[in-house]
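Undergrad: If you scroll down you'll find the structure; I have some questions about it.
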Amino acid sequence: MPEPSSRCPIAAPVDRLPAPPAPEALAYSFTLPAAPRSPAIARSATRTILRAHGLDDVMDAAVQVVGELAACSCRLAPSAEVYVSLRYRDEALRVVFYDAHPRHTHPRLLAACAARRRAALRVLACVVKACAGEWGFGDAREPGGGTRMWAVLPRGGARAYAAGGPQGSRS
């Protein structure tokens with residue numbers, strides 16, 4: 001009878017079970033339908049991912065940011081799907097949404113569309129500012145184009161936001 005592989009989690013002794021994922025290992029990407037229910041799905045997935053990686057302290061800000069980006073992306077996407085990326089690097093959570101909304105070639109349409117997107121992201125802008133982070137949007141560099149929206153939430157700023165501290169004041 002062959003010996004069980006040490007790589008099989010069932011064969012692993014209980015005292016050698018894998019440790020929970022570290023924050024630095026947080027790297028997730030998924031696709032959502034461009035539908036009204038998708039922001040709730042994105043928020044729920046974000047909660048689960050952050051808990052699994054021990055990042056409960058950034059939960060409040062991150063869930064708000066993901067919900068705002070998902071709502072905007074789903075509302076403006078001309079296609080049936082939006083793409084989501086969550087990464088934790090250099091003590092900051094990076095959230096990126098891609099939708100297939102193309103860049104307008106006419107300057108007035110481009111300005112109007114950018115103003116519409118900025119207006120839809122007012123709450124996101126406040127949350128990111130309170131966390132001392134960064135956010136923005138522009139052309140997607142991926143094949144197929146579209147629009148890329150992103151936010152970077154430093155862990156310390158997101159922690160302060162949740163606590164209502166100096167960086168986290170919600171004025």
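In the structure tokens, chains take the letters A, B, ... in the order shown, each chain's residues start at 1, and ligands count up from 1 in the order shown.
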Wanna dump the region 13-77 of chain A-region 91-105 of chain A contacts at 7 Å for me, each residue with its shortest atom pair and the distance in Å to one decimal, counting only C-alpha atoms, ordered by chain and number, as JSON lines?

TA:
{"residue": "A:Leu69", "atom": "CA", "partner": "A:Phe97", "partner_atom": "CA", "distance": 6.7}
{"residue": "A:Ser73", "atom": "CA", "partner": "A:Asp99", "partner_atom": "CA", "distance": 6.0}
{"residue": "A:Leu76", "atom": "CA", "partner": "A:His101", "partner_atom": "CA", "distance": 6.7}
{"residue": "A:Ala77", "atom": "CA", "partner": "A:Asp99", "partner_atom": "CA", "distance": 5.3}

Undergrad: Which neighbours of region 42-52 of chain A fall inside 12 Å, counting only C-alpha atoms, when residues of the same chain fewer than 5 positions from it are skipped, and could you give them as a PDB file with N, CA and C atoms, in the first residue's frame?

TA:
ATOM      1  N   ALA A  19      -0.873  27.161   8.689  1.00  0.00           N
ATOM      2  CA  ALA A  19      -1.228  28.381   9.411  1.00  0.00           C
ATOM      3  C   ALA A  19      -2.216  29.183   8.576  1.00  0.00           C
ATOM      4  N   PRO A  20      -3.017  30.032   9.224  1.00  0.00           N
ATOM      5  CA  PRO A  20      -3.914  30.893   8.446  1.00  0.00           C
ATOM      6  C   PRO A  20      -3.093  31.785   7.504  1.00  0.00           C
ATOM      7  N   PRO A  21      -3.665  32.173   6.394  1.00  0.00           N
ATOM      8  CA  PRO A  21      -2.920  33.011   5.454  1.00  0.00           C
ATOM      9  C   PRO A  21      -2.505  34.336   6.093  1.00  0.00           C
ATOM     10  N   ALA A  22      -1.312  34.771   5.790  1.00  0.00           N
ATOM     11  CA  ALA A  22      -0.806  36.047   6.287  1.00  0.00           C
ATOM     12  C   ALA A  22      -1.378  37.186   5.444  1.00  0.00           C
ATOM     13  N   PRO A  23      -1.410  38.396   6.006  1.00  0.00           N
ATOM     14  CA  PRO A  23      -1.885  39.529   5.203  1.00  0.00           C
ATOM     15  C   PRO A  23      -1.139  39.671   3.881  1.00  0.00           C
ATOM     16  N   GLU A  24       0.179  39.444   3.901  1.00  0.00           N
ATOM     17  CA  GLU A  24       0.985  39.610   2.685  1.00  0.00           C
ATOM     18  C   GLU A  24       0.620  38.615   1.587  1.00  0.00           C
ATOM     19  N   ALA A  25      -0.088  37.547   1.943  1.00  0.00           N
ATOM     20  CA  ALA A  25      -0.497  36.554   0.954  1.00  0.00           C
ATOM     21  C   ALA A  25      -1.836  36.899   0.317  1.00  0.00           C
ATOM     22  N   LEU A  26      -2.455  37.991   0.732  1.00  0.00           N
ATOM     23  CA  LEU A  26      -3.758  38.363   0.194  1.00  0.00           C
ATOM     24  C   LEU A  26      -3.594  38.816  -1.254  1.00  0.00           C
ATOM     25  N   ALA A  27      -4.099  38.018  -2.165  1.00  0.00           N
ATOM     26  CA  ALA A  27      -4.064  38.323  -3.599  1.00  0.00           C
ATOM     27  C   ALA A  27      -5.228  37.579  -4.245  1.00  0.00           C
ATOM     28  N   TYR A  28      -6.330  38.295  -4.472  1.00  0.00           N
ATOM     29  CA  TYR A  28      -7.533  37.688  -5.017  1.00  0.00           C
ATOM     30  C   TYR A  28      -8.021  38.494  -6.214  1.00  0.00           C
ATOM     31  N   SER A  29      -8.548  37.777  -7.175  1.00  0.00           N
ATOM     32  CA  SER A  29      -9.183  38.394  -8.340  1.00  0.00           C
ATOM     33  C   SER A  29     -10.423  37.592  -8.658  1.00  0.00           C
ATOM     34  N   PHE A  30     -11.479  38.286  -9.019  1.00  0.00           N
ATOM     35  CA  PHE A  30     -12.708  37.600  -9.401  1.00  0.00           C
ATOM     36  C   PHE A  30     -13.523  38.491 -10.317  1.00  0.00           C
ATOM     37  N   THR A  31     -14.449  37.864 -11.003  1.00  0.00           N
ATOM     38  CA  THR A  31     -15.328  38.561 -11.933  1.00  0.00           C
ATOM     39  C   THR A  31     -16.738  38.527 -11.367  1.00  0.00           C
ATOM     40  N   LEU A  32     -17.423  39.650 -11.491  1.00  0.00           N
ATOM     41  CA  LEU A  32     -18.806  39.766 -11.024  1.00  0.00           C
ATOM     42  C   LEU A  32     -19.704  40.165 -12.191  1.00  0.00           C
ATOM     43  N   PRO A  33     -20.958  39.789 -12.137  1.00  0.00           N
ATOM     44  CA  PRO A  33     -21.872  40.321 -13.134  1.00  0.00           C
ATOM     45  C   PRO A  33     -22.060  41.820 -12.904  1.00  0.00           C
ATOM     46  N   ALA A  34     -22.222  42.562 -13.949  1.00  0.00           N
ATOM     47  CA  ALA A  34     -22.499  44.002 -13.824  1.00  0.00           C
ATOM     48  C   ALA A  34     -23.986  44.138 -13.516  1.00  0.00           C
ATOM     49  N   ALA A  35     -24.342  43.815 -12.283  1.00  0.00           N
ATOM     50  CA  ALA A  35     -25.747  43.737 -11.878  1.00  0.00           C
ATOM     51  C   ALA A  35     -25.939  44.430 -10.532  1.00  0.00           C
ATOM     52  N   PRO A  36     -27.165  44.816 -10.219  1.00  0.00           N
ATOM     53  CA  PRO A  36     -27.431  45.516  -8.953  1.00  0.00           C
ATOM     54  C   PRO A  36     -27.033  44.731  -7.703  1.00  0.00           C
ATOM     55  N   ARG A  37     -27.046  43.419  -7.741  1.00  0.00           N
ATOM     56  CA  ARG A  37     -26.695  42.617  -6.554  1.00  0.00           C
ATOM     57  C   ARG A  37     -25.178  42.485  -6.356  1.00  0.00           C
ATOM     58  N   ASP A  57      -8.926  44.722  11.022  1.00  0.00           N
ATOM     59  CA  ASP A  57      -8.771  46.131  11.380  1.00  0.00           C
ATOM     60  C   ASP A  57      -8.955  47.085  10.202  1.00  0.00           C
ATOM     61  N   VAL A  58      -8.941  46.600   8.977  1.00  0.00           N
ATOM     62  CA  VAL A  58      -9.177  47.461   7.814  1.00  0.00           C
ATOM     63  C   VAL A  58     -10.568  47.243   7.224  1.00  0.00           C
ATOM     64  N   MET A  59     -11.352  46.388   7.881  1.00  0.00           N
ATOM     65  CA  MET A  59     -12.644  45.957   7.342  1.00  0.00           C
ATOM     66  C   MET A  59     -13.600  47.113   7.024  1.00  0.00           C
ATOM     67  N   ASP A  60     -13.817  48.028   7.969  1.00  0.00           N
ATOM     68  CA  ASP A  60     -14.811  49.097   7.756  1.00  0.00           C
ATOM     69  C   ASP A  60     -14.517  49.903   6.501  1.00  0.00           C
ATOM     70  N   ALA A  61     -13.298  50.396   6.392  1.00  0.00           N
ATOM     71  CA  ALA A  61     -12.932  51.216   5.230  1.00  0.00           C
ATOM     72  C   ALA A  61     -12.943  50.389   3.948  1.00  0.00           C
ATOM     73  N   ALA A  62     -12.386  49.191   4.003  1.00  0.00           N
ATOM     74  CA  ALA A  62     -12.281  48.362   2.803  1.00  0.00           C
ATOM     75  C   ALA A  62     -13.650  47.977   2.250  1.00  0.00           C
ATOM     76  N   VAL A  63     -14.546  47.582   3.111  1.00  0.00           N
ATOM     77  CA  VAL A  63     -15.880  47.177   2.653  1.00  0.00           C
ATOM     78  C   VAL A  63     -16.618  48.374   2.042  1.00  0.00           C
ATOM     79  N   GLN A  64     -16.458  49.541   2.636  1.00  0.00           N
ATOM     80  CA  GLN A  64     -17.094  50.741   2.071  1.00  0.00           C
ATOM     81  C   GLN A  64     -16.511  51.056   0.688  1.00  0.00           C
ATOM     82  N   VAL A  65     -15.203  51.005   0.574  1.00  0.00           N
ATOM     83  CA  VAL A  65     -14.534  51.304  -0.703  1.00  0.00           C
ATOM     84  C   VAL A  65     -14.932  50.288  -1.775  1.00  0.00           C
ATOM     85  N   VAL A  66     -14.919  49.015  -1.425  1.00  0.00           N
ATOM     86  CA  VAL A  66     -15.295  47.984  -2.399  1.00  0.00           C
ATOM     87  C   VAL A  66     -16.739  48.176  -2.851  1.00  0.00           C
ATOM     88  N   GLY A  67     -17.632  48.471  -1.922  1.00  0.00           N
ATOM     89  CA  GLY A  67     -19.025  48.693  -2.287  1.00  0.00           C
ATOM     90  C   GLY A  67     -19.207  49.873  -3.226  1.00  0.00           C
ATOM     91  N   GLU A  68     -18.482  50.962  -2.961  1.00  0.00           N
ATOM     92  CA  GLU A  68     -18.587  52.159  -3.817  1.00  0.00           C
ATOM     93  C   GLU A  68     -18.027  51.883  -5.215  1.00  0.00           C
ATOM     94  N   LEU A  69     -16.870  51.242  -5.276  1.00  0.00           N
ATOM     95  CA  LEU A  69     -16.279  50.935  -6.588  1.00  0.00           C
ATOM     96  C   LEU A  69     -17.152  49.949  -7.360  1.00  0.00           C
ATOM     97  N   ALA A  70     -17.689  48.957  -6.670  1.00  0.00           N
ATOM     98  CA  ALA A  70     -18.552  47.974  -7.340  1.00  0.00           C
ATOM     99  C   ALA A  70     -19.815  48.632  -7.883  1.00  0.00           C
ATOM    100  N   ALA A  71     -20.434  49.494  -7.092  1.00  0.00           N
ATOM    101  CA  ALA A  71     -21.663  50.156  -7.548  1.00  0.00           C
ATOM    102  C   ALA A  71     -21.400  51.015  -8.777  1.00  0.00           C
ATOM    103  N   SER A  73     -18.813  50.810 -10.919  1.00  0.00           N
ATOM    104  CA  SER A  73     -18.383  49.976 -12.032  1.00  0.00           C
ATOM    105  C   SER A  73     -19.560  49.239 -12.671  1.00  0.00           C
ATOM    106  N   CYS A  74     -20.409  48.673 -11.842  1.00  0.00           N
ATOM    107  CA  CYS A  74     -21.564  47.933 -12.374  1.00  0.00           C
ATOM    108  C   CYS A  74     -22.554  48.857 -13.079  1.00  0.00           C
ATOM    109  N   VAL A  82     -17.785  42.800 -14.561  1.00  0.00           N
ATOM    110  CA  VAL A  82     -16.714  43.668 -14.069  1.00  0.00           C
ATOM    111  C   VAL A  82     -15.692  42.767 -13.381  1.00  0.00           C
ATOM    112  N   TYR A  83     -14.463  43.218 -13.355  1.00  0.00           N
ATOM    113  CA  TYR A  83     -13.366  42.439 -12.789  1.00  0.00           C
ATOM    114  C   TYR A  83     -12.878  43.128 -11.517  1.00  0.00           C
ATOM    115  N   VAL A  84     -12.614  42.347 -10.482  1.00  0.00           N
ATOM    116  CA  VAL A  84     -12.205  42.876  -9.180  1.00  0.00           C
ATOM    117  C   VAL A  84     -10.854  42.273  -8.802  1.00  0.00           C
ATOM    118  N   SER A  85      -9.996  43.098  -8.212  1.00  0.00           N
ATOM    119  CA  SER A  85      -8.713  42.629  -7.715  1.00  0.00           C
ATOM    120  C   SER A  85      -8.493  43.213  -6.320  1.00  0.00           C
ATOM    121  N   LEU A  86      -8.140  42.353  -5.368  1.00  0.00           N
ATOM    122  CA  LEU A  86      -7.787  42.757  -4.005  1.00  0.00           C
ATOM    123  C   LEU A  86      -6.374  42.259  -3.745  1.00  0.00           C
ATOM    124  N   ARG A  87      -5.482  43.147  -3.343  1.00  0.00           N
ATOM    125  CA  ARG A  87      -4.096  42.797  -3.039  1.00  0.00           C
ATOM    126  C   ARG A  87      -3.673  43.538  -1.780  1.00  0.00           C
ATOM    127  N   TYR A  88      -2.844  42.893  -0.981  1.00  0.00           N
ATOM    128  CA  TYR A  88      -2.267  43.551   0.190  1.00  0.00           C
ATOM    129  C   TYR A  88      -0.758  43.541   0.019  1.00  0.00           C
ATOM    130  N   LEU A  93      -3.903  47.935   1.526  1.00  0.00           N
ATOM    131  CA  LEU A  93      -4.833  47.157   0.714  1.00  0.00           C
ATOM    132  C   LEU A  93      -5.066  47.913  -0.588  1.00  0.00           C
ATOM    133  N   ARG A  94      -4.904  47.211  -1.684  1.00  0.00           N
ATOM    134  CA  ARG A  94      -5.130  47.782  -3.007  1.00  0.00           C
ATOM    135  C   ARG A  94      -6.367  47.132  -3.608  1.00  0.00           C
ATOM    136  N   VAL A  95      -7.316  47.961  -3.996  1.00  0.00           N
ATOM    137  CA  VAL A  95      -8.577  47.494  -4.572  1.00  0.00           C
ATOM    138  C   VAL A  95      -8.664  48.057  -5.986  1.00  0.00           C
ATOM    139  N   VAL A  96      -8.900  47.184  -6.961  1.00  0.00           N
ATOM    140  CA  VAL A  96      -8.991  47.618  -8.354  1.00  0.00           C
ATOM    141  C   VAL A  96     -10.242  47.006  -8.977  1.00  0.00           C
ATOM    142  N   PHE A  97     -10.974  47.819  -9.714  1.00  0.00           N
ATOM    143  CA  PHE A  97     -12.118  47.359 -10.506  1.00  0.00           C
ATOM    144  C   PHE A  97     -11.871  47.740 -11.951  1.00  0.00           C
ATOM    145  N   ARG A 155      -2.858  50.509   5.893  1.00  0.00           N
ATOM    146  CA  ARG A 155      -3.434  49.803   7.039  1.00  0.00           C
ATOM    147  C   ARG A 155      -3.610  50.721   8.246  1.00  0.00           C
TER     148      ARG A 155
END

Undergrad: Taking the backbone alone, and naming residues the way the document does, which bits of region 2-171 of chain A are strand (DSSP E or B) by DSSP, as a PyMOL selection string?

TA: chain A and resi 27-33+81-89+92-99+134-139+147-154

Undergrad: Please extract the residues of chain A with a backbone DSSP assignment of helix (DSSP H, G or I) and present them as a PyMOL selection string.

TA: chain A and resi 14-16+23-25+38-52+56-76+107-120+122-130+155-163

Undergrad: Work out how far CA of Asp139 (chain A) is from CA of Cys72 (chain A), in Å to one decimal.

TA: 15.2 Å

Undergrad: So what do you get for CA of Ala119 (chain A) versus CA of Glu142 (chain A), distance-wise?

TA: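 Pair CA of Ala119 (chain A) / CA of Glu142 (chain A) returns 24.9 Å.
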
Undergrad: Hey, can you check how far CA of Gly156 (chain A) sits from CA of Ala132 (chain A)?

TA: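 About the pair CA of Gly156 (chain A) and CA of Ala132 (chain A): they are 8.8 Å apart.
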
Undergrad: Go through A:Ala120, A:Ala125, A:Ala130, A:Ala140 and flag the residue nearest Ala163 (chain A), using only C-alpha atoms for the distances.

TA: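 The closest residue to Ala163 (chain A) is A:Ala130.
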